[in-house]
$ cat data.cif   # mmCIF, C-alpha atoms
data_my_file
loop_
_atom_site.label_atom_id
_atom_site.label_comp_id
_atom_site.auth_asym_id
_atom_site.auth_seq_id
_atom_site.Cartn_x
_atom_site.Cartn_y
_atom_site.Cartn_z
CA MET A 17 35.96 26.80 4.55
CA LYS A 18 36.19 25.52 8.13
CA LYS A 19 33.36 27.85 9.17
CA LEU A 20 31.18 26.59 6.29
CA THR A 21 31.89 22.97 7.23
CA PHE A 22 31.00 23.72 10.87
CA ILE A 23 27.74 25.43 9.89
CA LEU A 24 26.73 22.54 7.62
CA ALA A 25 27.50 20.02 10.35
CA LEU A 26 25.49 22.07 12.86
CA LEU A 27 22.51 22.33 10.51
CA THR A 28 22.65 18.58 9.86
CA THR A 29 22.68 17.89 13.60
CA ILE A 30 19.71 20.19 14.18
CA ALA A 31 17.76 18.68 11.27
CA THR A 32 18.31 15.10 12.40
CA ALA A 33 17.77 15.66 16.13
CA GLN A 34 14.44 14.27 17.34
CA LYS A 35 12.49 14.89 20.47
CA SER A 36 11.58 11.82 22.48
CA THR A 37 7.82 11.65 22.86
CA LEU A 38 5.39 9.92 25.20
CA ILE A 39 1.80 9.56 24.02
CA MET A 40 -0.39 9.07 27.08
CA ASN A 41 -3.89 7.86 27.97
CA GLY A 42 -5.15 7.09 24.47
CA THR A 43 -6.85 3.94 23.19
CA ALA A 44 -4.14 2.19 21.16
CA HIS A 45 -5.18 -0.08 18.31
CA ILE A 46 -1.99 -2.10 18.01
CA GLY A 47 -2.69 -3.50 14.52
CA ASN A 48 -2.37 -7.17 15.49
CA ASP A 49 -6.02 -7.47 16.65
CA SER A 50 -5.27 -6.25 20.18
CA VAL A 51 -6.36 -2.98 21.82
CA ILE A 52 -4.96 -1.18 24.89
CA GLN A 53 -7.62 1.09 26.39
CA ASN A 54 -5.28 3.24 28.48
CA SER A 55 -1.95 3.17 26.71
CA MET A 56 1.46 4.78 27.14
CA ILE A 57 3.58 4.78 23.97
CA GLY A 58 7.19 5.93 24.10
CA ILE A 59 9.08 7.13 21.01
CA LYS A 60 12.86 7.72 20.86
CA ASP A 61 15.15 8.16 17.84
CA GLY A 62 12.30 7.38 15.47
CA LYS A 63 11.50 4.04 17.11
CA ILE A 64 8.77 2.80 19.43
CA VAL A 65 10.59 1.95 22.67
CA GLU A 66 7.68 1.33 25.02
CA VAL A 67 4.07 0.18 24.66
CA VAL A 68 2.51 -0.02 28.11
CA ASP A 69 -0.97 -0.67 29.49
CA ALA A 70 -1.13 2.09 32.10
CA SER A 71 -3.60 0.11 34.20
CA LYS A 72 -0.97 -2.62 34.70
CA ALA A 73 2.45 -0.99 34.48
CA GLN A 74 4.35 2.28 34.20
CA VAL A 75 6.77 3.61 31.62
CA THR A 76 10.43 3.33 32.50
CA GLY A 77 12.03 6.08 30.41
CA THR A 78 12.06 9.87 30.48
CA TYR A 79 10.78 11.94 27.53
CA ASP A 80 11.22 15.45 26.13
CA GLU A 81 7.52 15.96 25.47
CA LYS A 82 4.28 14.35 26.53
CA ILE A 83 1.07 14.23 24.49
CA ASP A 84 -2.19 13.69 26.34
CA ALA A 85 -4.42 11.56 24.09
CA THR A 86 -7.24 11.08 26.59
CA GLY A 87 -10.44 10.14 24.74
CA LYS A 88 -8.55 9.74 21.45
CA GLN A 89 -7.63 6.74 19.28
CA ILE A 90 -4.05 5.82 18.34
CA TYR A 91 -3.32 3.78 15.20
CA PRO A 92 -0.35 2.46 13.24
CA GLY A 93 0.03 4.41 10.00
CA PHE A 94 -2.17 3.03 7.23
CA ILE A 95 -0.37 1.56 4.20
CA ALA A 96 -1.70 1.96 0.65
CA PRO A 97 -0.46 -0.87 -1.63
CA ASN A 98 -0.61 -0.89 -5.44
CA SER A 99 -0.93 2.89 -5.69
CA THR A 100 -0.07 5.55 -8.28
CA LEU A 101 0.38 8.27 -5.65
CA GLY A 102 3.13 10.62 -6.73
CA LEU A 103 3.06 9.23 -10.27
CA THR A 104 -0.01 11.14 -11.39
CA GLU A 105 -1.59 14.47 -10.55
CA ILE A 106 -4.56 15.10 -12.83
CA ASP A 107 -5.98 12.06 -14.62
CA ALA A 108 -7.31 14.11 -17.54
CA VAL A 109 -3.96 15.86 -18.15
CA ARG A 110 -1.59 13.43 -19.82
CA ALA A 111 1.52 15.45 -19.02
CA THR A 112 0.97 14.84 -15.27
CA ASN A 113 0.71 11.05 -15.65
CA ASP A 114 4.01 9.20 -15.23
CA PHE A 115 2.96 5.64 -14.38
CA HIS A 116 2.82 3.97 -17.81
CA GLU A 117 6.00 3.53 -19.87
CA VAL A 118 6.00 2.78 -23.60
CA GLY A 119 6.35 -0.97 -24.26
CA THR A 120 4.81 -4.24 -23.08
CA THR A 121 7.49 -6.14 -21.11
CA LEU A 122 9.37 -3.69 -18.89
CA PRO A 123 10.49 -5.33 -15.63
CA ASN A 124 13.45 -2.93 -15.54
CA VAL A 125 11.25 0.18 -15.30
CA ARG A 126 11.46 1.56 -11.74
CA SER A 127 8.50 3.56 -10.47
CA LEU A 128 10.51 4.97 -7.55
CA ILE A 129 12.61 7.38 -9.62
CA ALA A 130 9.44 8.95 -11.04
CA TYR A 131 7.88 9.47 -7.60
CA ASN A 132 7.05 13.15 -7.03
CA THR A 133 7.15 14.11 -3.34
CA ASP A 134 5.70 17.54 -4.21
CA SER A 135 2.40 16.08 -5.43
CA LYS A 136 -0.57 18.06 -4.11
CA ILE A 137 -2.48 14.81 -3.62
CA ILE A 138 -0.12 13.30 -1.04
CA PRO A 139 -0.96 15.77 1.80
CA THR A 140 -4.69 15.05 1.34
CA VAL A 141 -3.96 11.34 1.80
CA ARG A 142 -1.86 11.83 4.94
CA THR A 143 -4.79 13.72 6.46
CA ASN A 144 -6.71 10.44 6.75
CA GLY A 145 -3.85 8.53 8.38
CA ILE A 146 -2.17 6.96 5.33
CA LEU A 147 1.55 7.31 5.98
CA LEU A 148 3.12 4.75 3.60
CA ALA A 149 2.39 3.59 0.07
CA GLN A 150 3.61 1.09 -2.50
CA ILE A 151 4.27 3.14 -5.64
CA THR A 152 3.31 0.95 -8.58
CA PRO A 153 3.58 1.30 -12.39
CA ARG A 154 0.74 0.45 -14.76
CA GLY A 155 0.21 -0.88 -18.27
CA GLY A 156 1.68 -3.52 -20.58
CA LEU A 157 2.22 -7.19 -19.87
CA ILE A 158 4.96 -6.46 -17.32
CA SER A 159 4.50 -2.93 -15.95
CA GLY A 160 7.76 -2.66 -14.04
CA THR A 161 9.02 -2.57 -10.47
CA SER A 162 7.30 -1.01 -7.47
CA SER A 163 8.80 0.46 -4.28
CA VAL A 164 7.44 1.36 -0.85
CA VAL A 165 7.74 4.98 0.31
CA VAL A 166 6.83 7.04 3.35
CA LEU A 167 4.50 9.88 2.43
CA ASP A 168 6.87 12.55 3.71
CA GLY A 169 10.21 13.63 2.30
CA TRP A 170 12.05 16.13 0.13
CA ASN A 171 12.67 13.76 -2.78
CA TRP A 172 12.28 10.12 -3.77
CA GLU A 173 15.59 9.16 -2.16
CA ASP A 174 14.41 10.69 1.09
CA ALA A 175 11.00 8.95 0.91
CA ALA A 176 12.21 5.47 -0.07
CA TYR A 177 11.31 2.82 2.51
CA LYS A 178 11.74 -0.45 0.60
CA ILE A 179 13.34 -0.15 -2.83
CA ASP A 180 12.27 -2.34 -5.78
CA ASP A 181 10.13 -4.68 -3.66
CA GLY A 182 8.57 -6.53 -6.59
CA ILE A 183 7.65 -6.80 -10.26
CA HIS A 184 4.09 -6.39 -11.55
CA VAL A 185 2.61 -8.65 -14.24
CA ASN A 186 -0.80 -8.01 -15.82
CA TRP A 187 -1.93 -11.56 -16.49
CA PRO A 188 -3.58 -11.85 -19.96
CA ARG A 189 -7.37 -12.06 -19.90
CA ILE A 190 -9.15 -15.10 -21.32
CA GLN A 191 -12.06 -12.90 -22.26
CA SER A 192 -12.85 -9.23 -21.93
CA ARG A 193 -16.04 -7.22 -21.87
CA LYS A 194 -16.80 -4.93 -24.76
CA TYR A 195 -18.65 -1.67 -24.24
CA LEU A 196 -21.48 -0.28 -26.35
CA ASP A 197 -20.27 3.34 -26.19
CA GLU A 198 -17.03 5.28 -26.52
CA ASP A 199 -16.99 6.31 -22.85
CA ASN A 200 -17.12 2.68 -21.61
CA ILE A 201 -20.28 3.28 -19.60
CA TYR A 202 -22.69 0.74 -21.07
CA PRO A 203 -21.29 -2.81 -20.88
CA GLY A 204 -21.87 -5.23 -23.71
CA PRO A 205 -21.10 -8.94 -24.20
CA TYR A 206 -17.84 -10.71 -23.33
CA GLU A 207 -15.50 -11.60 -26.17
CA LYS A 208 -12.83 -14.30 -26.14
CA ASN A 209 -9.20 -13.22 -26.31
CA LYS A 210 -7.85 -15.04 -29.37
CA ASP A 211 -4.26 -14.18 -28.41
CA TYR A 212 -4.45 -15.56 -24.86
CA THR A 213 -2.34 -18.67 -25.53
CA LYS A 214 0.30 -16.68 -27.40
CA GLN A 215 0.47 -14.06 -24.67
CA THR A 216 0.90 -16.62 -21.87
CA ASN A 217 3.48 -18.53 -23.93
CA ASP A 218 5.44 -15.31 -24.51
CA LEU A 219 5.34 -14.64 -20.77
CA GLN A 220 6.56 -18.15 -20.01
CA LYS A 221 9.42 -17.83 -22.49
CA LEU A 222 10.48 -14.50 -20.99
CA PHE A 223 10.59 -15.94 -17.46
CA ALA A 224 12.41 -19.08 -18.61
CA ASP A 225 15.01 -16.99 -20.42
CA ALA A 226 15.41 -14.67 -17.41
CA LYS A 227 15.89 -17.64 -15.06
CA ALA A 228 18.48 -19.22 -17.34
CA TYR A 229 20.28 -15.89 -17.73
CA ASN A 230 20.50 -15.31 -13.98
CA GLU A 231 21.76 -18.85 -13.35
CA THR A 232 24.65 -18.31 -15.78
CA ASP A 233 27.88 -17.07 -14.22
CA VAL A 234 29.47 -15.77 -17.41
CA LYS A 235 27.25 -13.52 -19.53
CA GLU A 236 28.22 -12.53 -23.05
CA GLU A 237 25.99 -9.48 -23.01
CA LYS A 238 24.21 -7.66 -20.19
CA ASN A 239 20.40 -7.82 -20.39
CA LEU A 240 18.75 -5.15 -18.23
CA ARG A 241 15.33 -6.79 -18.31
CA PHE A 242 16.68 -10.14 -17.13
CA GLU A 243 18.97 -8.50 -14.56
CA SER A 244 15.98 -6.75 -12.98
CA MET A 245 14.13 -10.09 -12.57
CA LYS A 246 16.86 -11.84 -10.59
CA GLY A 247 15.20 -11.11 -7.25
CA LEU A 248 12.09 -13.06 -8.27
CA PHE A 249 14.07 -16.30 -8.42
CA THR A 250 16.12 -15.68 -5.27
CA GLY A 251 13.14 -14.64 -3.16
CA GLU A 252 14.34 -11.08 -2.64
CA GLN A 253 11.44 -9.70 -4.69
CA THR A 254 7.74 -10.50 -4.97
CA LEU A 255 5.85 -11.35 -8.14
CA TYR A 256 2.62 -9.34 -8.17
CA LEU A 257 0.10 -10.95 -10.53
CA HIS A 258 -2.74 -8.59 -11.45
CA VAL A 259 -5.61 -10.98 -12.15
CA ASN A 260 -9.31 -11.35 -11.27
CA ASN A 261 -11.00 -14.24 -13.13
CA VAL A 262 -10.97 -17.62 -11.36
CA LYS A 263 -9.52 -19.53 -14.34
CA GLU A 264 -6.86 -16.89 -14.83
CA ILE A 265 -5.97 -16.96 -11.10
CA ILE A 266 -5.44 -20.73 -11.28
CA GLU A 267 -3.24 -20.44 -14.37
CA ALA A 268 -1.29 -17.53 -12.90
CA VAL A 269 -0.55 -19.41 -9.66
CA ASN A 270 0.50 -22.51 -11.63
CA PHE A 271 2.72 -20.29 -13.79
CA ALA A 272 4.49 -19.00 -10.68
CA LYS A 273 4.95 -22.57 -9.41
CA THR A 274 6.37 -23.70 -12.75
CA ASN A 275 8.93 -20.91 -12.64
CA MET A 276 9.74 -21.56 -8.97
CA ILE A 277 8.88 -18.01 -7.88
CA LYS A 278 9.20 -17.91 -4.10
CA LYS A 279 6.95 -14.94 -3.24
CA VAL A 280 3.64 -14.47 -5.09
CA VAL A 281 0.77 -12.04 -4.51
CA ILE A 282 -2.51 -11.80 -6.42
CA VAL A 283 -3.56 -8.19 -7.04
CA GLY A 284 -7.29 -7.70 -7.63
CA GLY A 285 -8.50 -11.24 -7.01
CA ARG A 286 -12.24 -10.69 -7.44
CA ASP A 287 -12.76 -14.47 -7.78
CA SER A 288 -10.12 -15.41 -5.20
CA TRP A 289 -12.80 -16.63 -2.76
CA MET A 290 -13.45 -19.56 -5.14
CA VAL A 291 -9.87 -20.89 -4.96
CA THR A 292 -8.85 -20.32 -1.34
CA ASP A 293 -7.45 -23.85 -0.99
CA LEU A 294 -5.11 -23.26 -3.92
CA LEU A 295 -3.97 -19.93 -2.49
CA LYS A 296 -3.34 -21.37 0.99
CA GLU A 297 -1.52 -24.40 -0.39
CA ASN A 298 0.87 -22.17 -2.32
CA ASN A 299 1.14 -19.43 0.32
CA VAL A 300 -0.28 -16.80 -2.06
CA ALA A 301 -1.67 -13.58 -0.57
CA VAL A 302 -4.33 -11.34 -2.13
CA MET A 303 -4.41 -7.55 -2.48
CA VAL A 304 -8.17 -7.18 -2.66
CA SER A 305 -9.43 -4.62 -5.17
CA ARG A 306 -11.46 -1.56 -4.22
CA LEU A 307 -14.52 -2.74 -2.26
CA HIS A 308 -16.73 0.13 -3.37
CA ASP A 309 -17.33 -1.39 -6.79
CA LEU A 310 -19.77 -3.57 -8.67
CA PRO A 311 -19.49 -7.38 -8.64
CA GLU A 312 -17.41 -8.96 -11.42
CA HIS A 313 -20.12 -11.33 -12.74
CA PRO A 314 -23.90 -10.97 -13.26
CA GLU A 315 -24.55 -14.01 -11.06
CA ASP A 316 -22.51 -12.70 -8.11
CA ASP A 317 -24.15 -11.54 -4.89
CA VAL A 318 -24.74 -7.81 -5.02
CA ASP A 319 -22.61 -7.36 -1.89
CA LEU A 320 -19.84 -9.76 -2.90
CA THR A 321 -17.16 -7.08 -3.20
CA TYR A 322 -18.00 -5.82 0.32
CA LYS A 323 -17.72 -9.24 1.95
CA LEU A 324 -14.75 -10.58 -0.04
CA PRO A 325 -12.26 -9.75 2.77
CA TYR A 326 -14.44 -11.70 5.22
CA LEU A 327 -14.53 -14.72 2.89
CA LEU A 328 -10.73 -14.69 2.66
CA GLN A 329 -10.40 -14.18 6.42
CA LYS A 330 -12.73 -17.11 7.06
CA ALA A 331 -10.71 -19.32 4.69
CA GLY A 332 -7.39 -18.37 6.30
CA VAL A 333 -5.94 -16.58 3.25
CA MET A 334 -3.59 -13.62 3.85
CA TYR A 335 -5.06 -10.44 2.31
CA CYS A 336 -4.95 -6.66 2.37
CA LEU A 337 -6.93 -3.87 0.70
CA ASN A 338 -5.96 -1.62 -2.19
CA ASN A 339 -7.77 1.19 -4.02
CA GLU A 340 -6.92 0.54 -7.69
CA GLY A 341 -9.45 1.98 -10.14
CA ASP A 342 -10.70 5.27 -11.53
CA MET A 343 -9.16 8.37 -9.92
CA GLU A 344 -7.20 6.01 -7.68
CA ALA A 345 -4.44 8.40 -6.58
CA MET A 346 -6.77 11.00 -5.07
CA GLY A 347 -9.16 8.24 -3.98
CA THR A 348 -6.42 6.65 -1.89
CA ARG A 349 -7.57 8.86 0.99
CA ASN A 350 -10.65 6.59 1.18
CA LEU A 351 -8.60 3.47 2.00
CA PRO A 352 -9.58 3.46 5.71
CA PHE A 353 -13.24 3.68 4.74
CA LEU A 354 -12.88 0.60 2.52
CA ALA A 355 -11.70 -1.17 5.67
CA GLY A 356 -14.73 0.26 7.47
CA THR A 357 -16.98 -1.28 4.82
CA ALA A 358 -15.27 -4.64 5.31
CA ALA A 359 -15.98 -4.32 9.04
CA ALA A 360 -19.66 -3.84 8.25
CA TYR A 361 -19.67 -7.01 6.16
CA GLY A 362 -18.18 -9.66 8.42
CA LEU A 363 -14.79 -8.54 9.73
CA THR A 364 -14.26 -7.24 13.25
CA LYS A 365 -13.00 -3.67 13.50
CA GLU A 366 -9.51 -4.86 14.44
CA GLN A 367 -9.40 -7.39 11.57
CA ALA A 368 -10.43 -4.58 9.21
CA LEU A 369 -7.68 -2.35 10.65
CA ARG A 370 -5.18 -5.16 10.12
CA SER A 371 -6.13 -5.28 6.42
CA ILE A 372 -4.60 -1.82 5.89
CA THR A 373 -1.75 -2.07 8.42
CA LEU A 374 -0.01 -5.25 9.57
CA ASN A 375 -1.39 -7.53 6.83
CA THR A 376 -0.24 -5.06 4.20
CA ALA A 377 3.17 -4.77 5.83
CA LYS A 378 3.55 -8.56 5.82
CA ILE A 379 2.59 -8.83 2.16
CA LEU A 380 5.05 -6.05 1.25
CA GLY A 381 7.79 -7.54 3.41
CA ILE A 382 8.12 -4.55 5.77
CA ASP A 383 6.37 -5.99 8.85
CA LYS A 384 9.61 -6.12 10.86
CA THR A 385 9.78 -2.33 10.88
CA THR A 386 6.19 -1.08 10.52
CA GLY A 387 2.51 -2.05 10.36
CA SER A 388 1.80 -2.20 14.09
CA ILE A 389 2.50 -0.34 17.31
CA GLU A 390 5.15 -2.62 18.77
CA VAL A 391 8.49 -2.08 20.48
CA GLY A 392 11.40 -1.87 18.04
CA LYS A 393 9.36 -0.76 15.04
CA ASP A 394 9.48 2.63 13.33
CA ALA A 395 7.15 5.13 14.94
CA ASN A 396 4.75 5.46 11.99
CA ILE A 397 1.63 6.22 13.98
CA PHE A 398 -1.18 8.78 14.22
CA ILE A 399 -3.79 10.06 16.65
CA SER A 400 -7.48 10.55 15.74
CA THR A 401 -10.28 12.05 17.81
CA GLY A 402 -12.63 9.32 16.53
CA ASP A 403 -12.82 5.98 14.74
CA ALA A 404 -10.36 6.28 11.83
CA LEU A 405 -12.29 3.68 9.78
CA ASP A 406 -15.48 5.74 9.88
CA MET A 407 -15.69 8.70 7.49
CA ARG A 408 -17.94 10.52 9.96
CA THR A 409 -15.47 10.45 12.83
CA ASN A 410 -12.00 10.11 11.24
CA ASN A 411 -10.16 13.23 12.38
CA VAL A 412 -6.39 12.92 12.46
CA THR A 413 -4.91 15.50 14.80
CA GLN A 414 -1.26 14.42 14.85
CA ALA A 415 0.88 11.96 12.89
CA PHE A 416 4.44 10.71 13.09
CA VAL A 417 6.65 9.25 10.37
CA LYS A 418 9.72 7.55 11.83
CA GLY A 419 9.06 9.46 15.03
CA VAL A 420 8.93 12.90 13.41
CA SER A 421 5.70 14.86 13.70
CA ILE A 422 4.51 15.74 10.19
CA ASP A 423 2.42 18.56 8.73
CA LEU A 424 -1.23 17.52 8.26
CA ASN A 425 -2.27 20.66 6.41
CA ASN A 426 -3.22 20.61 2.71
CA ASP A 427 -4.71 22.85 0.02
CA GLN A 428 -8.22 21.53 0.58
CA LYS A 429 -8.09 22.32 4.29
CA GLU A 430 -6.84 25.83 3.52
CA LEU A 431 -9.70 26.44 1.08
CA TYR A 432 -12.19 25.13 3.63
CA GLU A 433 -10.90 27.53 6.28
CA LYS A 434 -10.78 30.40 3.77
CA TYR A 435 -14.41 30.13 2.72
CA LYS A 436 -15.65 29.24 6.18
CA LYS A 437 -14.16 32.53 7.36
CA LYS A 438 -15.54 34.44 4.37
CA TYR A 439 -19.12 33.37 5.06
CA GLY A 440 -18.85 33.57 8.84
CA LEU A 441 -19.36 29.85 9.50
CA LYS A 442 -18.36 28.32 12.81
#
$ encode --input "data.cif" --output "structure tokens"
Amino acid sequence: MKKLTFILALLTTIATAQKSTLIMNGTAHIGNDSVIQNSMIGIKDGKIVEVVDASKAQVTGTYDEKIDATGKQIYPGFIAPNSTLGLTEIDAVRATNDFHEVGTTLPNVRSLIAYNTDSKIIPTVRTNGILLAQITPRGGLISGTSSVVVLDGWNWEDAAYKIDDGIHVNWPRIQSRKYLDEDNIYPGPYEKNKDYTKQTNDLQKLFADAKAYNETDVKEEKNLRFESMKGLFTGEQTLYLHVNNVKEIIEAVNFAKTNMIKKVVIVGGRDSWMVTDLLKENNVAVMVSRLHDLPEHPEDDVDLTYKLPYLLQKAGVMYCLNNEGDMEAMGTRNLPFLAGTAAAYGLTKEQALRSITLNTAKILGIDKTTGSIEVGKDANIFISTGDALDMRTNNVTQAFVKGVSIDLNNDQKELYEKYKKKYGLK
């Protein structure tokens, strides 16, 4: 028994031991709009301990290994918010989809416990520099509770980074577009939602009841739904309102004010550029929907979705980018290229980088530990031979999650190498 205990302790020590690492001579994109052309970045015990401009100063510590990143780019790990990574595998196979629970108001449903670290999609996402994600449920009026995970780990407990960070509400639509075919390809006219008032009233009653329940010291009966909403009223959790239409955004923000919700984020926000004053006044951030999409309204500029981040940046509204939409889990790998599109339509490259790093971390409430390459933060960083926001040059050669170098191989890479070898390609 003593020998077994010793062996287990030894294995645990070996597994948790980390090499200290110094990344030298690369161009470091810090994530807060600043760039160090000739950087020295020190990593110890999973943390960033030094960030030095080699042209002005020298590192002070000693390190187990040194990585020469001359001519390469160093970035903070990209963060994918509002994602179904690990909750779905094949969209067309229902048995692999675990993001939509039965019911309409389910704030107590926790996406984290359904997160599958063995998903074949996750390694393909890490390949492009995405190292963290907010795992988010879908469907119903209240979908449930999301959590932030690192995209490396044996199980969901191992991957958890911020547990139960917020609750997701799909704000009722005033009107919805009907389609002229069964496959929803050919759009038809808009039709008014006759149940809109009832749906919003039901939502208001639920929140009022939950607030009253959580303000009561003595409870006759435990209510799991109301218990799970307590953090919304104390400020420990964020209310994520999935909404796009300008009128609906205004009503959703006013709803949050009425219920004294301290932290509010708009998810989608296609029309958010019309109400920037309202968003700033109420300190409401926006998770901008996938940029590679069509405009919401026939009268919109054809490039409105591309320049929406710039319009929010110009107005001083906090925002980040997300990839919600068709085939979103596997499409999450394209998140950096959405930022690249935003850079082509008004943002600077560093502002675009911030929209998938530090801005996202701030909105998710994890900016004290990740989102930028700064001393004291977790070493969630990666090295690319080219511009990581450009699909032509993004080539991640090494990545670290909490200071540990992770495997960047995946099934698609293996197939590429297999058939390249078969046909004698160089």
$ resolve_selection --input "data.cif" --expression "the PyMOL selection byres ((chain A and resi 422) around 12)" --output "MDAnalysis selection string"
chainID A and resid 139 142:143 145 147 166:169 395:399 412:421 423:426
$ atom_distance --input "data.cif" --atom1 "CA of Phe271 in chain A" --atom2 "CA of Gln191 in chain A"
18.6 Å
$ resolve_selection --input "data.cif" --expression "the PyMOL selection byres ((chain A and resi 235-246) around 8)" --output "count of residues only"
16
$ atom_distance --input "data.cif" --atom1 "CA of Ser50 in chain A" --atom2 "CA of Gly77 in chain A"
23.6 Å
$ atom_distance --input "data.cif" --atom1 "CA of Lys323 in chain A" --atom2 "CA of Leu351 in chain A"
15.6 Å
$ build_atoms --input "data.cif" --residues "range 272-287 of chain A" --atoms "N, CA and C atoms" --output "CSV table (one decimal), in the coordinates of the input"
chain,number,residue,atom,x,y,z
A,272,ALA,N,3.5,-19.4,-11.7
A,272,ALA,CA,4.5,-19.0,-10.7
A,272,ALA,C,5.2,-20.2,-10.1
A,273,LYS,N,4.4,-21.3,-9.9
A,273,LYS,CA,5.0,-22.6,-9.4
A,273,LYS,C,5.9,-23.2,-10.4
A,274,THR,N,5.5,-23.1,-11.7
A,274,THR,CA,6.4,-23.7,-12.8
A,274,THR,C,7.7,-23.0,-12.8
A,275,ASN,N,7.7,-21.7,-12.6
A,275,ASN,CA,8.9,-20.9,-12.6
A,275,ASN,C,9.6,-20.8,-11.3
A,276,MET,N,9.1,-21.5,-10.3
A,276,MET,CA,9.7,-21.6,-9.0
A,276,MET,C,9.9,-20.2,-8.4
A,277,ILE,N,8.9,-19.3,-8.5
A,277,ILE,CA,8.9,-18.0,-7.9
A,277,ILE,C,8.5,-18.2,-6.4
A,278,LYS,N,9.3,-17.7,-5.5
A,278,LYS,CA,9.2,-17.9,-4.1
A,278,LYS,C,8.1,-17.1,-3.4
A,279,LYS,N,7.9,-15.8,-3.9
A,279,LYS,CA,7.0,-14.9,-3.2
A,279,LYS,C,6.0,-14.5,-4.3
A,280,VAL,N,4.7,-14.8,-4.1
A,280,VAL,CA,3.6,-14.5,-5.1
A,280,VAL,C,2.5,-13.8,-4.4
A,281,VAL,N,1.9,-12.7,-5.0
A,281,VAL,CA,0.8,-12.0,-4.5
A,281,VAL,C,-0.2,-11.8,-5.7
A,282,ILE,N,-1.5,-12.1,-5.4
A,282,ILE,CA,-2.5,-11.8,-6.4
A,282,ILE,C,-3.0,-10.4,-6.1
A,283,VAL,N,-3.1,-9.6,-7.2
A,283,VAL,CA,-3.6,-8.2,-7.0
A,283,VAL,C,-4.9,-8.1,-7.8
A,284,GLY,N,-5.9,-7.7,-7.1
A,284,GLY,CA,-7.3,-7.7,-7.6
A,284,GLY,C,-8.1,-8.8,-7.0
A,285,GLY,N,-8.0,-10.0,-7.6
A,285,GLY,CA,-8.5,-11.2,-7.0
A,285,GLY,C,-10.0,-11.2,-6.7
A,286,ARG,N,-10.8,-10.7,-7.6
A,286,ARG,CA,-12.2,-10.7,-7.4
A,286,ARG,C,-12.8,-12.1,-7.2
A,287,ASP,N,-12.3,-13.1,-7.9
A,287,ASP,CA,-12.8,-14.5,-7.8
A,287,ASP,C,-11.9,-15.3,-6.8
